[in-house]
$ cat protein38.txt   # compact mmCIF, C-alpha atoms
# COMPACT_ATOMS: atom_id res chain seq x y z
CA MET A 7 82.99 97.91 115.31
CA PHE A 8 85.83 96.23 117.19
CA PRO A 9 88.91 96.84 115.06
CA VAL A 10 91.36 95.69 117.74
CA PHE A 11 91.46 93.63 120.90
CA ASN A 12 93.73 95.31 123.41
CA ILE A 13 95.17 92.48 125.48
CA GLY A 14 97.70 94.13 127.77
CA PRO A 15 100.41 95.64 125.60
CA LEU A 16 99.23 93.64 122.56
CA SER A 17 96.85 95.10 119.99
CA VAL A 18 95.40 92.22 118.00
CA PRO A 19 93.39 93.22 114.91
CA ALA A 20 89.96 91.69 115.59
CA PRO A 21 89.11 90.76 111.96
CA ALA A 22 92.31 88.72 111.58
CA PHE A 23 91.79 87.11 114.99
CA ILE A 24 88.21 86.07 114.14
CA LEU A 25 89.33 84.63 110.80
CA ILE A 26 92.06 82.58 112.48
CA ILE A 27 89.51 81.20 114.98
CA GLY A 28 87.22 80.28 112.07
CA PHE A 29 90.10 78.60 110.25
CA LEU A 30 91.14 76.57 113.29
CA LEU A 31 87.56 75.51 114.01
CA GLY A 32 87.12 74.62 110.34
CA SER A 33 90.27 72.49 110.21
CA TYR A 34 89.15 70.67 113.38
CA LEU A 35 85.71 69.95 111.90
CA LEU A 36 87.25 68.92 108.59
CA GLU A 37 89.20 66.15 110.29
CA LYS A 38 86.34 65.16 112.59
CA LYS A 39 83.74 64.85 109.83
CA ALA A 40 86.02 63.23 107.23
CA SER A 41 84.84 59.72 108.08
CA SER A 42 81.19 60.73 107.46
CA TYR A 43 82.11 61.30 103.82
CA SER A 44 84.41 58.25 103.50
CA VAL A 45 87.45 60.40 102.73
CA ASP A 46 90.94 59.91 104.16
CA SER A 47 91.45 62.70 106.70
CA GLU A 48 95.21 62.75 106.01
CA ILE A 49 94.62 63.75 102.41
CA LEU A 50 92.20 66.44 103.53
CA ASP A 51 94.67 67.73 106.08
CA ARG A 52 97.47 67.86 103.52
CA ALA A 53 95.22 69.58 100.98
CA LEU A 54 94.15 72.15 103.56
CA TRP A 55 97.65 73.15 104.58
CA ILE A 56 99.10 73.15 101.07
CA GLY A 57 96.06 75.13 99.94
CA THR A 58 96.54 77.65 102.75
CA LEU A 59 100.25 78.09 102.08
CA SER A 60 99.63 78.39 98.33
CA THR A 61 96.96 81.00 99.00
CA LEU A 62 99.28 83.12 101.12
CA LEU A 63 102.26 82.72 98.80
CA GLY A 64 100.18 83.31 95.69
CA ALA A 65 98.55 86.38 97.22
CA ARG A 66 101.92 87.90 98.09
CA LEU A 67 103.55 87.05 94.72
CA SER A 68 100.57 88.44 92.83
CA TYR A 69 100.74 91.67 94.84
CA ILE A 70 104.45 91.99 94.08
CA ALA A 71 103.84 91.27 90.39
CA GLY A 72 101.25 94.06 90.33
CA SER A 73 103.73 96.73 91.39
CA PRO A 74 107.30 95.38 91.29
CA ALA A 75 108.82 98.88 91.16
CA SER A 76 107.49 99.60 94.66
CA PHE A 77 109.74 96.88 96.08
CA LYS A 78 112.88 98.25 94.38
CA GLY A 79 115.60 98.86 96.95
CA ASN A 80 113.33 97.61 99.70
CA LEU A 81 113.47 93.82 99.46
CA ILE A 82 112.61 93.43 103.16
CA SER A 83 109.03 94.36 102.21
CA LEU A 84 108.80 91.05 100.32
CA ILE A 85 108.58 89.17 103.61
CA SER A 86 106.55 91.76 105.52
CA LEU A 87 103.91 90.29 107.82
CA ASN A 88 101.53 93.09 106.87
CA PRO A 89 98.40 91.49 105.32
CA ALA A 90 97.77 94.60 103.23
CA LEU A 91 100.55 93.35 100.95
CA LEU A 92 98.36 90.47 99.72
CA ASP A 93 96.19 90.10 96.63
CA PRO A 94 93.27 88.04 98.06
CA VAL A 95 91.58 87.19 94.75
CA ALA A 96 94.74 85.85 93.12
CA GLY A 97 95.62 84.02 96.34
CA PHE A 98 92.22 82.36 96.43
CA VAL A 99 92.50 81.20 92.80
CA ILE A 100 96.04 79.84 93.33
CA GLY A 101 95.05 78.13 96.61
CA ILE A 102 92.03 76.43 95.01
CA SER A 103 94.19 75.34 92.05
CA ALA A 104 96.74 73.79 94.43
CA VAL A 105 93.99 71.89 96.26
CA MET A 106 92.55 70.61 92.97
CA LEU A 107 96.01 69.43 91.93
CA ILE A 108 96.29 67.40 95.13
CA ILE A 109 92.88 65.81 94.58
CA SER A 110 93.76 64.77 91.04
CA ARG A 111 97.07 63.27 92.22
CA GLN A 112 95.46 61.34 95.06
CA LYS A 113 92.68 60.10 92.77
CA THR A 114 90.20 60.95 95.52
CA MET A 115 86.66 61.23 94.30
CA TYR A 116 86.10 64.85 93.37
CA TRP A 117 82.56 65.24 94.74
CA LYS A 118 83.24 63.38 97.96
CA PHE A 119 86.17 65.68 98.53
CA LEU A 120 84.00 68.76 98.10
CA ASP A 121 81.42 67.29 100.50
CA SER A 122 84.05 66.66 103.13
CA PHE A 123 85.35 70.22 102.76
CA THR A 124 81.89 71.70 103.42
CA PRO A 125 82.22 71.82 107.26
CA PHE A 126 85.49 73.74 106.82
CA ILE A 127 83.90 76.31 104.49
CA GLY A 128 80.86 76.33 106.77
CA SER A 129 82.90 77.49 109.75
CA LEU A 130 85.01 79.92 107.73
CA LEU A 131 81.97 81.80 106.40
CA PRO A 132 80.51 83.01 109.75
CA ALA A 133 84.04 84.01 110.79
CA TYR A 134 84.43 85.96 107.56
CA TYR A 135 81.12 87.79 107.99
CA LEU A 136 81.88 88.55 111.63
CA SER A 137 85.35 89.83 110.72
CA ARG A 138 83.76 92.23 108.25
CA PHE A 139 81.43 93.43 110.99
CA ALA A 140 84.42 93.91 113.28
CA SER A 141 86.27 95.94 110.65
CA GLY A 142 83.17 98.07 109.99
CA THR A 143 83.04 97.26 106.26
CA ALA A 144 80.01 96.28 104.19
CA TYR A 145 77.55 98.08 106.43
CA GLY A 146 73.83 98.20 105.72
CA LEU A 147 71.33 100.67 104.38
CA PRO A 148 69.67 103.09 106.81
CA THR A 149 66.70 101.57 108.63
CA ASP A 150 64.03 102.47 111.20
CA LEU A 151 64.01 98.94 112.61
CA PRO A 152 64.74 98.70 116.35
CA TRP A 153 67.83 96.53 115.84
CA GLY A 154 69.47 99.03 113.48
CA ILE A 155 73.06 99.88 114.47
CA TYR A 156 74.04 103.54 114.59
CA LEU A 157 76.98 103.88 112.26
CA TRP A 158 78.27 106.64 109.98
CA GLY A 159 75.50 109.09 110.72
CA ALA A 160 72.47 106.78 110.55
CA ALA A 161 70.86 103.69 112.10
CA ARG A 162 71.77 100.90 109.68
CA HIS A 163 70.90 97.28 108.96
CA PRO A 164 73.51 95.05 110.64
CA VAL A 165 73.88 93.05 107.42
CA GLN A 166 76.99 91.24 108.59
CA ILE A 167 75.13 90.07 111.68
CA TYR A 168 72.26 88.80 109.51
CA LEU A 169 74.79 86.88 107.41
CA THR A 170 76.68 85.59 110.45
CA ILE A 171 73.46 84.20 111.97
CA SER A 172 72.44 82.58 108.67
CA ALA A 173 75.93 81.05 108.29
CA ILE A 174 75.85 79.72 111.88
CA ILE A 175 72.46 78.10 111.17
CA LEU A 176 73.93 76.48 108.04
CA LEU A 177 76.99 75.28 109.96
CA THR A 178 74.75 73.75 112.65
CA ILE A 179 72.77 71.90 109.98
CA ILE A 180 75.99 70.60 108.42
CA LEU A 181 77.21 69.34 111.80
CA ILE A 182 74.01 67.45 112.68
CA TYR A 183 73.28 66.31 109.13
CA THR A 184 74.25 62.81 108.12
CA PRO A 185 74.64 62.42 104.35
CA SER A 186 71.80 60.32 102.95
CA ARG A 187 72.73 57.19 101.01
CA ASN A 188 70.01 58.04 98.48
CA LEU A 189 71.69 61.29 97.52
CA PRO A 190 74.72 61.31 95.21
CA SER A 191 78.10 62.52 96.44
CA GLY A 192 78.48 66.28 96.08
CA SER A 193 74.94 66.92 97.37
CA THR A 194 76.13 68.32 100.71
CA PHE A 195 78.46 70.78 99.02
CA LEU A 196 75.96 71.79 96.36
CA LEU A 197 73.10 72.24 98.83
CA PHE A 198 75.39 74.29 101.06
CA SER A 199 76.47 76.44 98.08
CA ALA A 200 72.85 76.98 97.04
CA ALA A 201 71.78 77.91 100.59
CA SER A 202 74.76 80.23 101.17
CA SER A 203 74.30 82.03 97.86
CA SER A 204 70.55 82.38 98.57
CA PHE A 205 71.26 83.99 101.95
CA LEU A 206 73.87 86.28 100.39
CA LEU A 207 71.54 87.22 97.57
CA PHE A 208 68.73 88.00 100.00
CA PHE A 209 70.73 90.01 102.54
CA THR A 210 72.83 91.93 100.00
CA ALA A 211 69.65 93.87 99.23
CA PHE A 212 70.00 95.49 102.69
CA GLN A 213 73.63 96.41 102.17
CA GLU A 214 74.92 99.86 101.26
CA PRO A 215 75.53 99.52 97.50
CA THR A 216 79.09 99.65 96.27
CA ILE A 217 79.01 98.68 92.61
CA PHE A 218 76.11 99.19 90.23
CA LEU A 219 75.12 97.32 87.12
CA ILE A 220 72.71 98.66 84.53
CA ALA A 221 69.44 99.98 86.00
CA GLY A 222 70.78 100.05 89.54
CA ILE A 223 71.00 96.28 89.97
CA ARG A 224 73.86 95.23 92.25
CA ILE A 225 76.52 93.20 90.46
CA GLU A 226 77.11 91.07 93.59
CA MET A 227 73.50 89.87 93.51
CA ILE A 228 73.86 88.75 89.90
CA ILE A 229 77.01 86.80 90.84
CA PHE A 230 75.19 85.12 93.77
CA TRP A 231 72.29 84.24 91.46
CA ILE A 232 74.69 82.60 89.00
CA ILE A 233 76.26 80.57 91.84
CA LEU A 234 72.76 79.55 92.96
CA PHE A 235 71.83 78.57 89.41
CA VAL A 236 75.01 76.52 88.87
CA ALA A 237 74.67 74.79 92.27
CA LEU A 238 71.01 73.85 91.65
CA PHE A 239 71.73 72.79 88.05
CA LEU A 240 74.61 70.51 89.13
CA LEU A 241 72.56 69.13 92.02
CA ASN A 242 69.67 68.25 89.74
CA SER A 243 72.02 66.76 87.16
CA ARG A 244 73.72 64.58 89.75
CA ILE A 245 70.44 63.40 91.25
CA GLN A 246 69.08 62.69 87.76
CA SER A 247 72.16 60.70 86.78
CA THR A 248 72.07 58.57 89.93
CA ILE A 249 68.35 57.66 89.79
CA PRO A 250 68.92 54.75 87.35
CA GLU A 251 71.75 53.44 89.57
CA VAL A 252 69.54 53.61 92.67
CA ASN A 253 66.70 51.88 90.80
CA ASP A 254 69.06 49.15 89.56
CA GLU A 255 70.30 48.53 93.08
CA ALA A 256 66.71 48.40 94.32
CA LYS A 257 65.84 45.77 91.64
CA LYS A 258 68.78 43.61 92.70
CA MET B 3 59.60 64.44 95.87
CA ASN B 4 61.35 63.95 92.52
CA LYS B 5 58.45 65.33 90.50
CA PHE B 6 58.57 68.59 92.53
CA ARG B 7 62.31 69.04 92.25
CA ILE B 8 62.46 70.84 88.89
CA PRO B 9 59.43 73.13 89.56
CA LEU B 10 60.90 74.00 92.98
CA THR B 11 64.26 74.85 91.44
CA ILE B 12 62.67 77.04 88.79
CA THR B 13 60.46 78.78 91.39
CA LEU B 14 63.49 79.53 93.58
CA LEU B 15 65.51 80.94 90.68
CA VAL B 16 62.61 83.08 89.45
CA ALA B 17 61.90 84.35 92.99
CA ALA B 18 65.59 85.25 93.34
CA LEU B 19 65.49 87.18 90.07
CA ALA B 20 62.35 89.01 91.25
CA TRP B 21 64.14 89.90 94.51
CA ILE B 22 67.16 91.26 92.59
CA TRP B 23 64.85 93.38 90.43
CA SER B 24 62.75 94.66 93.33
CA SER B 25 65.79 95.62 95.41
CA ARG B 26 67.54 97.61 92.69
CA ILE B 27 68.80 101.07 93.61
CA PRO B 28 67.51 104.12 91.73
CA VAL B 29 70.28 105.13 89.34
CA ASP B 30 70.27 108.75 90.51
CA SER B 31 70.94 107.76 94.15
CA SER B 32 74.60 106.83 93.82
CA PRO B 33 76.37 106.70 97.20
CA SER B 34 77.71 110.11 98.04
CA PRO B 35 80.22 110.67 100.82
CA LEU B 36 78.56 113.81 102.11
CA ILE B 37 79.34 113.30 105.75
CA GLU B 38 82.59 113.09 107.62
CA ALA B 39 83.39 109.68 109.07
CA ALA B 40 86.53 107.69 109.70
CA GLN B 41 85.49 105.10 107.16
CA VAL B 42 86.48 104.19 103.61
CA GLY B 43 84.27 106.06 101.16
CA TYR B 44 83.51 108.97 103.52
CA LEU B 45 85.02 112.42 103.87
CA ALA B 46 88.04 112.46 106.17
CA PRO B 47 87.18 114.38 109.35
CA ASP B 48 88.67 117.84 109.25
CA PHE B 49 91.13 118.96 111.93
CA LYS B 50 93.37 121.85 112.84
CA LEU B 51 96.47 121.03 114.90
CA SER B 52 99.73 122.68 115.79
CA SER B 53 102.94 120.89 114.96
CA LEU B 54 106.11 120.60 117.02
CA ASN B 55 107.54 123.72 115.36
CA SER B 56 104.30 125.62 116.09
CA GLN B 57 103.17 125.43 112.47
CA GLU B 58 99.39 125.09 112.11
CA ILE B 59 98.19 122.18 110.01
CA ASN B 60 94.61 122.21 108.75
CA LEU B 61 93.37 119.27 106.68
CA ILE B 62 91.04 121.44 104.63
CA ASP B 63 94.06 123.41 103.40
CA LEU B 64 95.30 120.22 101.74
CA ASN B 65 92.12 119.81 99.70
CA GLY B 66 92.86 118.74 96.13
CA LYS B 67 95.95 116.81 97.21
CA PRO B 68 96.18 113.17 98.29
CA VAL B 69 97.11 112.84 101.95
CA ILE B 70 98.54 110.02 104.06
CA ILE B 71 97.84 110.46 107.78
CA ASN B 72 99.70 108.25 110.21
CA PHE B 73 98.73 108.20 113.90
CA TRP B 74 101.65 107.28 116.14
CA ALA B 75 103.23 107.57 119.59
CA SER B 76 106.85 107.41 120.72
CA TRP B 77 106.17 104.51 123.13
CA CYS B 78 104.66 102.34 120.37
CA PRO B 79 107.26 99.91 118.88
CA PRO B 80 105.54 99.30 115.50
CA CYS B 81 105.03 103.09 115.12
CA LYS B 82 108.73 103.65 115.61
CA ALA B 83 109.59 100.75 113.32
CA GLU B 84 107.55 102.13 110.43
CA MET B 85 108.59 105.77 110.80
CA ALA B 86 111.68 105.17 108.65
CA ALA B 87 109.47 103.98 105.79
CA PHE B 88 107.23 107.05 106.15
CA GLN B 89 110.28 109.32 106.18
CA GLN B 90 111.67 107.62 103.06
CA ALA B 91 108.28 107.97 101.29
CA PHE B 92 108.09 111.60 102.40
CA LEU B 93 111.43 112.28 100.69
CA GLU B 94 110.62 110.21 97.59
CA TYR B 95 107.30 112.00 97.00
CA ALA B 96 108.45 115.48 98.05
CA GLU B 97 108.15 116.75 94.46
CA SER B 98 104.63 115.35 94.02
CA ASP B 99 101.27 116.56 95.35
CA LEU B 100 101.23 113.81 97.96
CA GLN B 101 101.19 115.05 101.56
CA ILE B 102 102.37 112.83 104.39
CA ILE B 103 101.71 113.85 107.97
CA ALA B 104 102.29 111.87 111.15
CA ILE B 105 99.88 112.92 113.89
CA ASN B 106 101.33 112.22 117.29
CA ALA B 107 98.83 110.97 119.87
CA THR B 108 100.25 113.50 122.33
CA SER B 109 97.41 112.96 124.81
CA GLN B 110 99.00 109.53 125.41
CA ASP B 111 102.61 110.59 124.90
CA SER B 112 105.15 113.03 126.30
CA LEU B 113 106.46 115.94 124.26
CA SER B 114 110.03 115.38 125.38
CA ASP B 115 109.95 111.75 124.18
CA VAL B 116 108.42 112.84 120.87
CA SER B 117 111.12 115.50 120.36
CA ARG B 118 113.89 113.08 121.27
CA PHE B 119 112.59 110.42 118.86
CA ILE B 120 112.26 112.89 116.00
CA TYR B 121 115.71 114.34 116.60
CA GLN B 122 117.43 110.97 116.95
CA ASN B 123 115.83 109.54 113.82
CA GLY B 124 116.06 112.62 111.61
CA VAL B 125 112.31 112.73 110.97
CA THR B 126 111.30 115.71 108.82
CA ILE B 127 107.65 114.75 108.24
CA PRO B 128 105.20 117.33 109.63
CA ILE B 129 104.23 116.13 113.12
CA PRO B 130 100.91 117.67 114.27
CA LEU B 131 100.31 117.18 117.98
CA ASP B 132 96.94 115.82 119.07
CA GLN B 133 97.21 117.13 122.63
CA THR B 134 93.56 116.66 123.59
CA GLY B 135 92.99 113.38 121.74
CA SER B 136 90.04 114.89 119.85
CA VAL B 137 91.47 114.06 116.40
CA SER B 138 92.28 110.48 117.44
CA ARG B 139 88.67 110.16 118.64
CA ALA B 140 87.26 111.65 115.41
CA TYR B 141 89.34 109.12 113.44
CA LEU B 142 88.30 106.25 115.75
CA VAL B 143 91.92 105.41 116.47
CA HIS B 144 91.68 102.42 118.80
CA SER B 145 95.17 101.16 118.15
CA LEU B 146 98.51 102.61 117.18
CA PRO B 147 99.73 102.86 114.53
CA THR B 148 96.73 103.55 112.30
CA THR B 149 97.14 105.03 108.84
CA TYR B 150 94.58 106.73 106.61
CA PHE B 151 95.00 107.16 102.87
CA ILE B 152 92.92 110.08 101.62
CA ASP B 153 92.36 110.84 97.95
CA LYS B 154 92.40 114.21 96.17
CA THR B 155 88.71 114.79 96.90
CA GLY B 156 89.20 114.33 100.64
CA VAL B 157 87.57 110.90 100.70
CA ILE B 158 89.20 108.08 102.68
CA ALA B 159 90.43 105.47 100.19
CA GLU B 160 92.08 103.00 102.58
CA ILE B 161 92.71 102.46 106.28
CA ILE B 162 95.49 100.29 107.64
CA ILE B 163 95.33 99.43 111.33
CA GLY B 164 98.53 98.14 112.84
CA GLY B 165 102.03 98.03 111.54
CA PRO B 166 104.80 98.32 110.72
CA ILE B 167 103.81 99.36 107.22
CA PRO B 168 106.61 98.52 104.76
CA LEU B 169 107.89 101.10 102.29
CA ALA B 170 106.63 99.06 99.32
CA LEU B 171 103.06 99.30 100.61
CA LEU B 172 103.38 103.06 101.05
CA ARG B 173 104.68 103.37 97.50
CA VAL B 174 101.79 101.30 96.09
CA GLN B 175 99.20 103.33 98.00
CA ALA B 176 100.88 106.65 97.16
CA ASN B 177 100.99 105.82 93.44
CA GLN B 178 97.32 104.83 93.51
CA LEU B 179 96.34 108.07 95.26
CA LEU B 180 98.33 110.12 92.76
CA THR B 181 96.92 108.40 89.67
CA ASP B 182 93.26 108.13 90.75

$ encode --input "protein38.txt" --output "structure tokens"
Amino acid sequence: MFPVFNIGPLSVPAPAFILIIGFLLGSYLLEKKASSYSVDSEILDRALWIGTLSTLLGARLSYIAGSPASFKGNLISLISLNPALLDPVAGFVIGISAVMLIISRQKTMYWKFLDSFTPFIGSLLPAYYLSRFASGTAYGLPTDLPWGIYLWGAARHPVQIYLTISAIILLTIILIYTPSRNLPSGSTFLLFSAASSSFLLFFTAFQEPTIFLIAGIRIEMIIFWIILFVALFLLNSRIQSTIPEVNDEAKK
Amino acid sequence: MNKFRIPLTITLLVAALAWIWSSRIPVDSSPSPLIEAAQVGYLAPDFKLSSLNSQEINLIDLNGKPVIINFWASWCPPCKAEMAAFQQAFLEYAESDLQIIAINATSQDSLSDVSRFIYQNGVTIPIPLDQTGSVSRAYLVHSLPTTYFIDKTGVIAEIIIGGPIPLALLRVQANQLLTD
């Protein structure tokens, strides 16, 4: 647990710092890898920043809408820099919607766009897992394994470290992987989604449970399974639909 | 490779379902915050401290009431900046069960500075003095300000590290603690 970095008189919350590093690295990779996916990096850049601003604005507005009475007579709170005044789920939905709007306006190919965004998501994920480790949330079940971390009265699985390592491996693969011409656009994104959800599904089993479904099954694992299913289904559908095109090109 | 694609997909999905089933938690072993730890979902560590006016404040005496504990020091600019919001919340929720206390990290502060700050700013919130730093250590306070939101059962519901915390956020958290 490293909740803060004390740099001289400054106390920087470590989770936020790690997330910012992940974001900056992601935006750098997004621009660098754009040409690999034949997408205009300017459009990606614009989408990223508008998406980020929409996420922050949407998250704040949604939080305010949830409890407007709390801001009565205290309008300065509306522009507070405190991140606790954000609704992350609503912000995420609004940010994604804004990005989708930009894609539709630019008439950029939808799947190519998602492919080109994969390095960005790939560098944000390890930062997110590491930030959760730094904040001490989502800790693991007690374990006797030698690498267990002593936390909250027991040696526990360092689940966030497992996830961080898996996400770094995925990011490395994305960076050295050159999209195959035989695979349809969207394959990079869908394969990444399938791999990420598989890792999450696997490692969540070692996490201290928070929410239960019927018969003790974790609801998060069901959600990850659905993401895995959708990603694999779409991947198969896209490969299936492009086989005739590939065969036709081969005949020519 | 194409002829293996569908069977591989199905195998992966079935294996994932088997993993979900095999890693289910027995229904009777719901997570129980039995131990004290400065972490969301755990019992707030108990403490007994004397305040500036020599009044003894014991967390266990506040059992059954939601509590907001703010750790602060007089040399810490964000602590000073948010104290007005805490004072306002303290007055607004005076008639409710909510308890707001502002533990001064006295082991890193000077009593005269604390007294001067409280007097100059008209602070009436109970100010327990952590003279040895033992409570700050028990609450893993690595940075000031740090604020703990504790529900009626004594379990930590939220931790906010850093500040200044705006009044609106205090109101939202206070209302949640009072309605939960």

$ closest_atom_pairs --input "protein38.txt" --of "chain B" --to "chain A" --cutoff "6 Å" --atoms "all atoms listed in the file" --output "JSON lines"
{"residue": "B:Ser25", "atom": "CA", "partner": "A:Ala211", "partner_atom": "CA", "distance": 5.7}
{"residue": "B:Arg26", "atom": "CA", "partner": "A:Ile223", "partner_atom": "CA", "distance": 4.6}
{"residue": "B:Ile27", "atom": "CA", "partner": "A:Gly222", "partner_atom": "CA", "distance": 4.6}
{"residue": "B:Pro28", "atom": "CA", "partner": "A:Gly222", "partner_atom": "CA", "distance": 5.7}
{"residue": "B:Val29", "atom": "CA", "partner": "A:Gly222", "partner_atom": "CA", "distance": 5.1}
{"residue": "B:Pro168", "atom": "CA", "partner": "A:Ser83", "partner_atom": "CA", "distance": 5.4}
{"residue": "B:Ala170", "atom": "CA", "partner": "A:Ser76", "partner_atom": "CA", "distance": 4.8}
{"residue": "B:Arg173", "atom": "CA", "partner": "A:Ser76", "partner_atom": "CA", "distance": 5.5}

$ residues_near_point --input "protein38.txt" --point "(106.7, 110.3, 118.4)" --cutoff "6 Å" --atoms "only C-alpha atoms" --output "PDB file with C-alpha atoms, in the frame of the given file"
ATOM      1  CA  ALA B  75     103.230 107.570 119.590  1.00  0.00           C
ATOM      2  CA  SER B  76     106.850 107.410 120.720  1.00  0.00           C
ATOM      3  CA  ASN B 106     101.330 112.220 117.290  1.00  0.00           C
ATOM      4  CA  VAL B 116     108.420 112.840 120.870  1.00  0.00           C
ATOM      5  CA  PHE B 119     112.590 110.420 118.860  1.00  0.00           C
TER       6      PHE B 119
END

$ atom_distance --input "protein38.txt" --atom1 "CA of Gly128 (chain A)" --atom2 "CA of Ile163 (chain B)"
27.6 Å

$ atom_distance --input "protein38.txt" --atom1 "CA of Val45 (chain A)" --atom2 "CA of Ile27 (chain A)"
24.2 Å

$ closest_residue --input "protein38.txt" --among "A:Ser186, A:Gln166, A:Ser129, A:Ser191" --to "Phe205 (chain A)" --atoms "all atoms listed in the file"
A:Gln166

$ closest_residue --input "protein38.txt" --among "A:Ile24, A:Ala71, A:Ala40, A:Ile155" --to "Ala140 (chain A)" --atoms "all atoms listed in the file"
A:Ile24

$ residues_around --input "protein38.txt" --residues "Gly28 (chain A)" --least-positions-apart "2" --cutoff "9 Å" --atoms "all atoms listed in the file" --output "mmCIF file with C-alpha atoms, in the coordinates of the input"
data_model
loop_
_atom_site.group_PDB
_atom_site.id
_atom_site.type_symbol
_atom_site.label_atom_id
_atom_site.label_comp_id
_atom_site.auth_asym_id
_atom_site.auth_seq_id
_atom_site.Cartn_x
_atom_site.Cartn_y
_atom_site.Cartn_z
ATOM 1 C CA PHE A 23 91.790 87.110 114.990
ATOM 2 C CA ILE A 24 88.210 86.070 114.140
ATOM 3 C CA LEU A 25 89.330 84.630 110.800
ATOM 4 C CA ILE A 26 92.060 82.580 112.480
ATOM 5 C CA LEU A 30 91.140 76.570 113.290
ATOM 6 C CA LEU A 31 87.560 75.510 114.010
ATOM 7 C CA GLY A 32 87.120 74.620 110.340
ATOM 8 C CA SER A 33 90.270 72.490 110.210
ATOM 9 C CA PHE A 126 85.490 73.740 106.820
ATOM 10 C CA SER A 129 82.900 77.490 109.750
ATOM 11 C CA LEU A 130 85.010 79.920 107.730
ATOM 12 C CA LEU A 131 81.970 81.800 106.400
ATOM 13 C CA PRO A 132 80.510 83.010 109.750
ATOM 14 C CA ALA A 133 84.040 84.010 110.790
ATOM 15 C CA TYR A 134 84.430 85.960 107.560
#

$ atom_distance --input "protein38.txt" --atom1 "CA of Pro166 (chain B)" --atom2 "CA of Pro80 (chain B)"
4.9 Å

$ residues_around --input "protein38.txt" --residues "region 158-161 of chain B" --least-positions-apart "3" --cutoff "10 Å" --atoms "all atoms listed in the file" --output "ChimeraX atom specification"
/A:90 /B:35,38-47,68-72,148-155,164,175,178-179

$ axis_aligned_box --input "protein38.txt" --around "region 75-93 of chain A" --padding-each-side "5 Å" --output "lines of an AutoDock Vina configuration file"
center_x = 105.9
center_y = 94.4
center_z = 99.5
size_x = 29.4
size_y = 20.4
size_z = 26.7

$ closest_residue --input "protein38.txt" --among "A:Phe123, A:Tyr168, A:Tyr135, A:Phe198" --to "Ser41 (chain A)" --atoms "all atoms listed in the file"
A:Phe123

$ decode --input "protein38.txt" --residues "region 77-90 of chain A" --atoms "N, CA and C atoms" --output "compact mmCIF listing (two decimals), in the first residue's frame"
# COMPACT_ATOMS: atom_id res chain seq x y z
N PHE A 77 -25.32 20.63 -2.81
CA PHE A 77 -24.54 21.75 -3.38
C PHE A 77 -25.21 23.10 -3.10
N LYS A 78 -26.39 23.05 -2.46
CA LYS A 78 -27.15 24.27 -2.20
C LYS A 78 -26.34 25.20 -1.29
N GLY A 79 -26.21 26.44 -1.71
CA GLY A 79 -25.47 27.42 -0.92
C GLY A 79 -23.98 27.19 -0.88
N ASN A 80 -23.50 26.27 -1.73
CA ASN A 80 -22.08 25.96 -1.71
C ASN A 80 -21.63 25.66 -3.16
N LEU A 81 -21.88 26.65 -4.03
CA LEU A 81 -21.63 26.44 -5.46
C LEU A 81 -20.16 26.22 -5.78
N ILE A 82 -19.27 26.65 -4.91
CA ILE A 82 -17.83 26.47 -5.14
C ILE A 82 -17.48 24.98 -5.24
N SER A 83 -18.28 24.13 -4.57
CA SER A 83 -18.05 22.69 -4.63
C SER A 83 -18.20 22.14 -6.04
N LEU A 84 -18.97 22.86 -6.88
CA LEU A 84 -19.19 22.39 -8.26
C LEU A 84 -17.89 22.25 -9.02
N ILE A 85 -16.93 23.13 -8.70
CA ILE A 85 -15.66 23.10 -9.44
C ILE A 85 -14.51 22.58 -8.57
N SER A 86 -14.86 21.86 -7.52
CA SER A 86 -13.82 21.30 -6.64
C SER A 86 -12.94 20.31 -7.41
N LEU A 87 -11.66 20.32 -7.09
CA LEU A 87 -10.73 19.40 -7.76
C LEU A 87 -10.76 18.01 -7.11
N ASN A 88 -11.55 17.86 -6.06
CA ASN A 88 -11.58 16.59 -5.35
C ASN A 88 -12.23 15.50 -6.23
N PRO A 89 -11.47 14.41 -6.53
CA PRO A 89 -12.02 13.37 -7.42
C PRO A 89 -13.15 12.57 -6.79
N ALA A 90 -13.34 12.71 -5.48
CA ALA A 90 -14.43 11.98 -4.84
C ALA A 90 -15.79 12.51 -5.27
